[in-house]
Each structure stands twice: as C-alpha cells, then as structure tokens.
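Enquirer: Attaching a single structure in structure tokens format; questions to follow.
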Amino acid sequence: MGDISISNGNCMNGNGQRKSCWYEEEIEENLRWCFALNSILHTGATQFQDIQLLDTKPFGKALVIDGKLQSAEIDEFIYHESLVHPALLNHLNPKTIFIMGGGEGSTAREILRHRTVEKVVMCDIDEEVVEFCKSFLVVNREAFCDPRLELIINDARAELERREQLYDVIIGDLADPIEGGPCYQLYTKSFYEFIVKPRLTQGGIFVTQAGPAGIFSHTEVFSCIYNTLKQVFKYVVPYSAHIPSYADTWGWVMASDSPFMSNADELDLRIKQRMKGENRYLDGKTFTSASTLSKAVRESLYSETHVYTEGNARFIYGHGTAYKHN
C-alpha cells in the first residue's frame, strides 16, 4: 500500500497547517519508492477502492488508487501513447474501439485523437472513480464530452460477453493479474480465446498493459501475459518503455491474427495522416526501439511456459487497482 508520511516542514494538510509530506509505495519486498509532496489535493473512497489526488514535487499532480500510483501529470503521456497508438496505427482503418477499464479517461483521450475513430466504448466498473476523474483531471474533460465516447459502468468481461458488436481494437487498461485481484480473469487464455478474440473484426487488434517490464521485474506478469496471448493469437508483439514515476520500465503486449507492419516510416506517415496534434513520445523509430527488448528480457519471454488459466494465479508485488496499472 502507498503511505503518506508527514513531518514538520512545508506541505499543507487538510487543516491548512504546513507539513512536510512524502508519498511512499512498496514496489516489492525490501524496495520502496517515495517522493515529496506539495499538498494532498483530495482523498476519498468508493465502493471498490480508495482514491487520492496528490500534488507531487517531482511529477506534478498524481492519481493514487488503493495506495498505488496510477498516473502522474508529468509522464502519463508515455504510458497512454504507448498503450493506444501502436495498435490503432497498425490497424488499416480503426473505427470502433472497446476499452476495458481506463477510468481516468486518458486512454479515451488518446484514442479520440485518431480521425478514423467513430465509436469508443469505455467500460469501467467504478462509477465514482470515473466521476472523480471527470471533475479533477482537467486534461481529460474534452474526451469525456466527446460524442463518440460511450461510457459504460460494468464489469468489462460481462459487458463484452453481453455485446454482439465487433470492434477493430480492444484495449486492456486494467490491473495486473495478481492473486485475489479483481482483474485476473481478464488475462486468462480462455478469456482471450472465447471472449476477446470473437469480438474483434477481421484484422482486429488486441493490446493490453502488461505490468513491469524491467530487467528484474519482467517475470512478474509481463512474460506470462505475452506467453498466454501467444497461445491464442498468431502475431504477438511485446514492447516496453521507461516511465519515471513508476520507477521502472513498463510493458505492453499487442496481438492479432493479421501481421503487424514493421516499417517506422509507414508508422510516421500514418501518424501524420490520421492523428490530430503531435505525439510527445511515440513515433516510428520510438516504437521500433520499444519493441526491441534486451537480450535477457527477450530470452526470458521466449522461454516462458506459464499460461494464465481459470483458477490459476501468481502473487506479485507492484502497482495495481481495479482498473489500471499493476
């Protein structure tokens, strides 16, 4: 869990007194990550999870859910550009998108920058978190007001099972598959094979956040998610990027039964033709680099044998909530 430690100094608490605040989060056993705060902007609780909005000294405003950092103002663009744009740009003409989770609205924001997109369904289980993010995360207000966005409050698995519509891209912006966690069943082979894949159009693409992908942390869930998707889809591409506020390299995995393009110049051309505004992080060369994993991580992924199945879980440390990063 993430803790806020307060000692005499220069941070405002709820009573208007000046204190010295530090946010501390356990990354794994014997390893903690902490940084200084300017103030605690909001604290609250929903039926499903606790919420905090912090004003941090190194990372700007930061959203914390259930004691785990979800995103920070200064670098959330790395995570969300990496999650969204490779899949949409690899698709020939992405019109319909389904987001599992994504309650803060940043994933929808990036999707809606694509001119081809006609419909985005965002399905998050926690209405209070979504309303909180609508109110406090100014950067995403325009996305929440976009008429192309349909917001559904429901369990993503149940919603996909209920719907008959097919989608060009399905995006998993969920917590990691940890033991006893709310999202484990959304990472299993049977879920991918019998629920996700049948809801994709011809040439459709699935992409999911895949947890820490560092030299030591990638075996927590990254390699297992990759191997599980390999059992279901013909083409599977793992990629990663360093996110400073996470204190680690983060991973994503993209999967399809249609081949992905490997040309950086073509990716850049599609960005220019199909997207509104400039990316801050992702372009063709960046994605080529992101999908070129280190020797140690690459060999580990290729030798991974674990597959996520119903009733089978691993316990890990790390980031995590009912709708986002581990």
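Chain labels A, B, ... are given in the sequence in which chains occur in the structure tokens; within each chain residues are numbered consecutively from 1, and ligands are likewise numbered from 1 in the order shown.
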Mind checking DSSP for segment 52-168 of chain A and telling me the strand (DSSP E) residues as a short mmCIF file (atom, residue, chain, number, x, y, z; two decimals) with N, CA, C and O atoms, in the first residue's frame?
Expert:
data_model
loop_
_atom_site.label_atom_id
_atom_site.label_comp_id
_atom_site.auth_asym_id
_atom_site.auth_seq_id
_atom_site.Cartn_x
_atom_site.Cartn_y
_atom_site.Cartn_z
N GLN A 52 -6.82 9.02 -4.04
CA GLN A 52 -6.12 10.22 -3.61
C GLN A 52 -5.62 10.97 -4.83
O GLN A 52 -5.20 10.36 -5.82
N LEU A 53 -5.70 12.28 -4.77
CA LEU A 53 -5.06 13.12 -5.78
C LEU A 53 -4.00 13.94 -5.07
O LEU A 53 -4.31 14.71 -4.14
N LEU A 54 -2.76 13.76 -5.47
CA LEU A 54 -1.63 14.40 -4.80
C LEU A 54 -0.97 15.41 -5.72
O LEU A 54 -0.92 15.23 -6.94
N ASP A 55 -0.45 16.48 -5.15
CA ASP A 55 0.39 17.42 -5.87
C ASP A 55 1.82 17.11 -5.47
O ASP A 55 2.26 17.43 -4.37
N THR A 56 2.56 16.44 -6.35
CA THR A 56 3.90 15.99 -6.02
C THR A 56 4.95 16.97 -6.51
O THR A 56 4.75 17.65 -7.52
N GLY A 60 4.33 16.44 -10.58
CA GLY A 60 3.08 17.18 -10.72
C GLY A 60 1.93 16.44 -10.05
O GLY A 60 2.13 15.67 -9.11
N LYS A 61 0.72 16.67 -10.54
CA LYS A 61 -0.45 16.01 -9.96
C LYS A 61 -0.40 14.50 -10.25
O LYS A 61 -0.08 14.10 -11.37
N ALA A 62 -0.72 13.70 -9.24
CA ALA A 62 -0.65 12.25 -9.37
C ALA A 62 -1.91 11.61 -8.81
O ALA A 62 -2.37 11.97 -7.73
N LEU A 63 -2.46 10.66 -9.55
CA LEU A 63 -3.63 9.92 -9.13
C LEU A 63 -3.19 8.62 -8.46
O LEU A 63 -2.43 7.83 -9.05
N VAL A 64 -3.66 8.40 -7.24
CA VAL A 64 -3.31 7.20 -6.47
C VAL A 64 -4.61 6.48 -6.11
O VAL A 64 -5.53 7.09 -5.57
N ILE A 65 -4.67 5.19 -6.43
CA ILE A 65 -5.85 4.39 -6.11
C ILE A 65 -5.41 3.14 -5.35
O ILE A 65 -4.48 2.44 -5.78
N LYS A 68 -1.71 2.84 -4.72
CA LYS A 68 -0.81 2.60 -5.83
C LYS A 68 -0.90 3.74 -6.84
O LYS A 68 -2.00 4.14 -7.24
N LEU A 69 0.24 4.25 -7.24
CA LEU A 69 0.28 5.33 -8.22
C LEU A 69 -0.26 4.85 -9.56
O LEU A 69 0.20 3.85 -10.11
N GLN A 70 -1.26 5.55 -10.09
CA GLN A 70 -1.86 5.21 -11.38
C GLN A 70 -1.26 6.00 -12.52
O GLN A 70 -0.92 5.44 -13.56
N SER A 71 -1.16 7.29 -12.35
CA SER A 71 -0.58 8.13 -13.39
C SER A 71 -0.15 9.44 -12.78
O SER A 71 -0.70 9.88 -11.76
N ALA A 72 0.84 10.04 -13.38
CA ALA A 72 1.36 11.33 -12.92
C ALA A 72 1.36 12.31 -14.09
O ALA A 72 1.62 11.94 -15.24
N THR A 96 -14.02 1.38 -34.55
CA THR A 96 -14.70 1.04 -33.30
C THR A 96 -13.70 0.48 -32.30
O THR A 96 -12.96 -0.46 -32.62
N ILE A 97 -13.70 1.04 -31.09
CA ILE A 97 -12.72 0.68 -30.07
C ILE A 97 -13.45 0.37 -28.77
O ILE A 97 -14.40 1.07 -28.40
N PHE A 98 -13.00 -0.67 -28.07
CA PHE A 98 -13.53 -1.02 -26.75
C PHE A 98 -12.39 -0.95 -25.74
O PHE A 98 -11.34 -1.57 -25.93
N ILE A 99 -12.59 -0.17 -24.66
CA ILE A 99 -11.60 -0.06 -23.59
C ILE A 99 -12.10 -0.82 -22.38
O ILE A 99 -13.18 -0.54 -21.86
N MET A 100 -11.31 -1.76 -21.91
CA MET A 100 -11.58 -2.42 -20.64
C MET A 100 -10.86 -1.64 -19.55
O MET A 100 -9.63 -1.59 -19.53
N GLY A 101 -11.61 -0.98 -18.68
CA GLY A 101 -11.01 -0.13 -17.66
C GLY A 101 -10.83 1.29 -18.18
O GLY A 101 -11.69 1.83 -18.86
N LYS A 119 -16.42 5.40 -32.91
CA LYS A 119 -17.08 4.97 -31.68
C LYS A 119 -16.06 4.39 -30.70
O LYS A 119 -15.26 3.54 -31.07
N VAL A 120 -16.10 4.89 -29.46
CA VAL A 120 -15.26 4.35 -28.39
C VAL A 120 -16.18 3.96 -27.23
O VAL A 120 -16.94 4.78 -26.73
N VAL A 121 -16.10 2.71 -26.83
CA VAL A 121 -16.83 2.23 -25.64
C VAL A 121 -15.81 2.07 -24.52
O VAL A 121 -14.86 1.30 -24.64
N MET A 122 -16.00 2.82 -23.43
CA MET A 122 -15.13 2.70 -22.27
C MET A 122 -15.92 2.05 -21.15
O MET A 122 -16.93 2.59 -20.71
N CYS A 123 -15.47 0.88 -20.71
CA CYS A 123 -16.20 0.12 -19.70
C CYS A 123 -15.36 0.02 -18.43
O CYS A 123 -14.34 -0.68 -18.40
N ASP A 124 -15.80 0.71 -17.39
CA ASP A 124 -15.09 0.69 -16.10
C ASP A 124 -16.08 0.31 -15.01
O ASP A 124 -17.25 0.71 -15.05
N LEU A 149 -17.68 8.99 -27.54
CA LEU A 149 -17.39 8.17 -26.37
C LEU A 149 -18.68 7.70 -25.69
O LEU A 149 -19.54 8.51 -25.34
N GLU A 150 -18.81 6.39 -25.52
CA GLU A 150 -19.90 5.80 -24.75
C GLU A 150 -19.31 5.24 -23.47
O GLU A 150 -18.47 4.33 -23.50
N LEU A 151 -19.74 5.75 -22.34
CA LEU A 151 -19.24 5.31 -21.05
C LEU A 151 -20.20 4.28 -20.44
O LEU A 151 -21.38 4.55 -20.26
N ILE A 152 -19.67 3.11 -20.12
CA ILE A 152 -20.45 2.03 -19.52
C ILE A 152 -19.86 1.71 -18.15
O ILE A 152 -18.65 1.50 -18.02
N ILE A 153 -20.72 1.66 -17.13
CA ILE A 153 -20.28 1.24 -15.80
C ILE A 153 -20.69 -0.22 -15.62
O ILE A 153 -21.86 -0.55 -15.44
N TYR A 167 -15.34 -5.16 -32.68
CA TYR A 167 -14.50 -3.97 -32.53
C TYR A 167 -13.20 -4.14 -33.31
O TYR A 167 -12.65 -5.24 -33.38
N ASP A 168 -12.73 -3.04 -33.87
CA ASP A 168 -11.46 -3.07 -34.61
C ASP A 168 -10.28 -3.21 -33.66
O ASP A 168 -9.28 -3.87 -33.99
#
Enquirer: Identify, with DSSP run on backbone atoms, the residues in segment 158-321 of chain A assigned to alpha helix (DSSP H), and express the list as a VMD selection string.
Expert: chain A and resid 158 to 162 189 to 191 222 to 230 264 to 274 284 to 290 295 to 303
Enquirer: Identify, on the basis of only C-alpha atoms, every residue whose closest approach to His80 of chain A does not exceed 10 Å; exclude the query and any residue fewer than 2 positions from it along the same chain; express the result as a list in words.
Expert: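 That gives Ser71, Asp75, Glu76, Phe77, Ile78, Ser82, Leu83, Val84, His85, Gly102, Ser106, Thr107, Ala108, Arg109, Glu110, Ile111, Asp173, Gln209, Tyr281 and Leu282 of chain A.
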Enquirer: Within 9 Å of segment 298-308 of chain A, which residues of segment 125-215 of chain A come that close, and what is the closest atom pair and distance in Å for each? Count only C-alpha atoms and give it as CSV.
Expert:
residue,atom,partner,partner_atom,distance
A:Pro177,CA,A:Tyr308,CA,8.5
A:Tyr184,CA,A:Tyr308,CA,8.4
A:Gln185,CA,A:Tyr308,CA,8.6
A:Tyr187,CA,A:Tyr308,CA,6.6
A:Thr188,CA,A:Tyr308,CA,4.7
A:Lys189,CA,A:Tyr308,CA,6.0
A:Ser190,CA,A:Tyr308,CA,8.7
Enquirer: Near Leu186 of chain A, within 12 Å and counting only C-alpha atoms, which residues show up once chain neighbours fewer than 6 positions away are dropped, as a PDB file with C-alpha atoms, in the first residue's frame?
Expert:
ATOM      1  CA  MET A 100     -11.578  -2.424 -20.643  1.00  0.00           C
ATOM      2  CA  GLY A 101     -11.012  -0.126 -17.657  1.00  0.00           C
ATOM      3  CA  ASP A 155     -17.516  -5.398 -15.326  1.00  0.00           C
ATOM      4  CA  ALA A 156     -15.611  -5.470 -18.626  1.00  0.00           C
ATOM      5  CA  ARG A 157     -15.862  -9.234 -19.017  1.00  0.00           C
ATOM      6  CA  ALA A 158     -19.635  -9.206 -18.513  1.00  0.00           C
ATOM      7  CA  GLU A 159     -20.029  -6.294 -20.907  1.00  0.00           C
ATOM      8  CA  LEU A 160     -18.037  -7.939 -23.695  1.00  0.00           C
ATOM      9  CA  GLU A 161     -19.994 -11.178 -23.212  1.00  0.00           C
ATOM     10  CA  ILE A 171      -7.649  -2.285 -25.236  1.00  0.00           C
ATOM     11  CA  GLY A 172      -6.949  -3.639 -21.765  1.00  0.00           C
ATOM     12  CA  ASP A 173      -6.165  -0.821 -19.323  1.00  0.00           C
ATOM     13  CA  LEU A 174      -6.522  -2.916 -16.191  1.00  0.00           C
ATOM     14  CA  ALA A 175      -4.805  -4.028 -13.010  1.00  0.00           C
ATOM     15  CA  ASP A 176      -2.262  -6.832 -13.249  1.00  0.00           C
ATOM     16  CA  PRO A 177      -3.369 -10.468 -12.900  1.00  0.00           C
ATOM     17  CA  ILE A 178      -2.487 -10.814  -9.223  1.00  0.00           C
ATOM     18  CA  TYR A 192      -8.710 -14.075 -24.738  1.00  0.00           C
ATOM     19  CA  GLU A 193      -9.811 -17.061 -26.814  1.00  0.00           C
ATOM     20  CA  PHE A 194     -13.555 -17.127 -26.206  1.00  0.00           C
ATOM     21  CA  ILE A 195     -14.465 -13.531 -25.336  1.00  0.00           C
ATOM     22  CA  VAL A 196     -11.880 -11.067 -26.692  1.00  0.00           C
ATOM     23  CA  THR A 208      -3.050  -4.708 -23.063  1.00  0.00           C
ATOM     24  CA  GLN A 209      -0.882  -3.077 -20.458  1.00  0.00           C
ATOM     25  CA  ALA A 210       1.359  -5.857 -19.200  1.00  0.00           C
ATOM     26  CA  ILE A 225       0.849 -12.238 -20.400  1.00  0.00           C
ATOM     27  CA  THR A 228      -0.707 -16.509 -22.730  1.00  0.00           C
ATOM     28  CA  LEU A 229      -1.517 -14.333 -25.750  1.00  0.00           C
ATOM     29  CA  TYR A 308      -2.822 -17.772 -17.203  1.00  0.00           C
ATOM     30  CA  THR A 309      -5.814 -20.085 -16.905  1.00  0.00           C
ATOM     31  CA  GLU A 310      -9.016 -20.046 -14.893  1.00  0.00           C
ATOM     32  CA  GLY A 311      -8.295 -20.549 -11.200  1.00  0.00           C
ATOM     33  CA  ALA A 313      -2.785 -17.077 -10.304  1.00  0.00           C
ATOM     34  CA  ALA A 322      -9.400  -2.251 -10.041  1.00  0.00           C
ATOM     35  CA  TYR A 323      -8.904  -0.620 -13.398  1.00  0.00           C
TER      36      TYR A 323
END
Enquirer: May I have the residues within 9 Å of Thr288 of chain A as a VMD selection string, using only C-alpha atoms and disregarding those fewer than 6 positions away in the same chain?
Expert: chain A and resid 239 262 to 264
Enquirer: Which polymer residues have any atom within 10 Å of an atom of Ser217 of chain A, counting only C-alpha atoms, with same-chain residues fewer than 4 positions away left out, as a PyMOL selection string?
Expert: chain A and resi 27-28+211-213+221-223+248-250+297+316-318
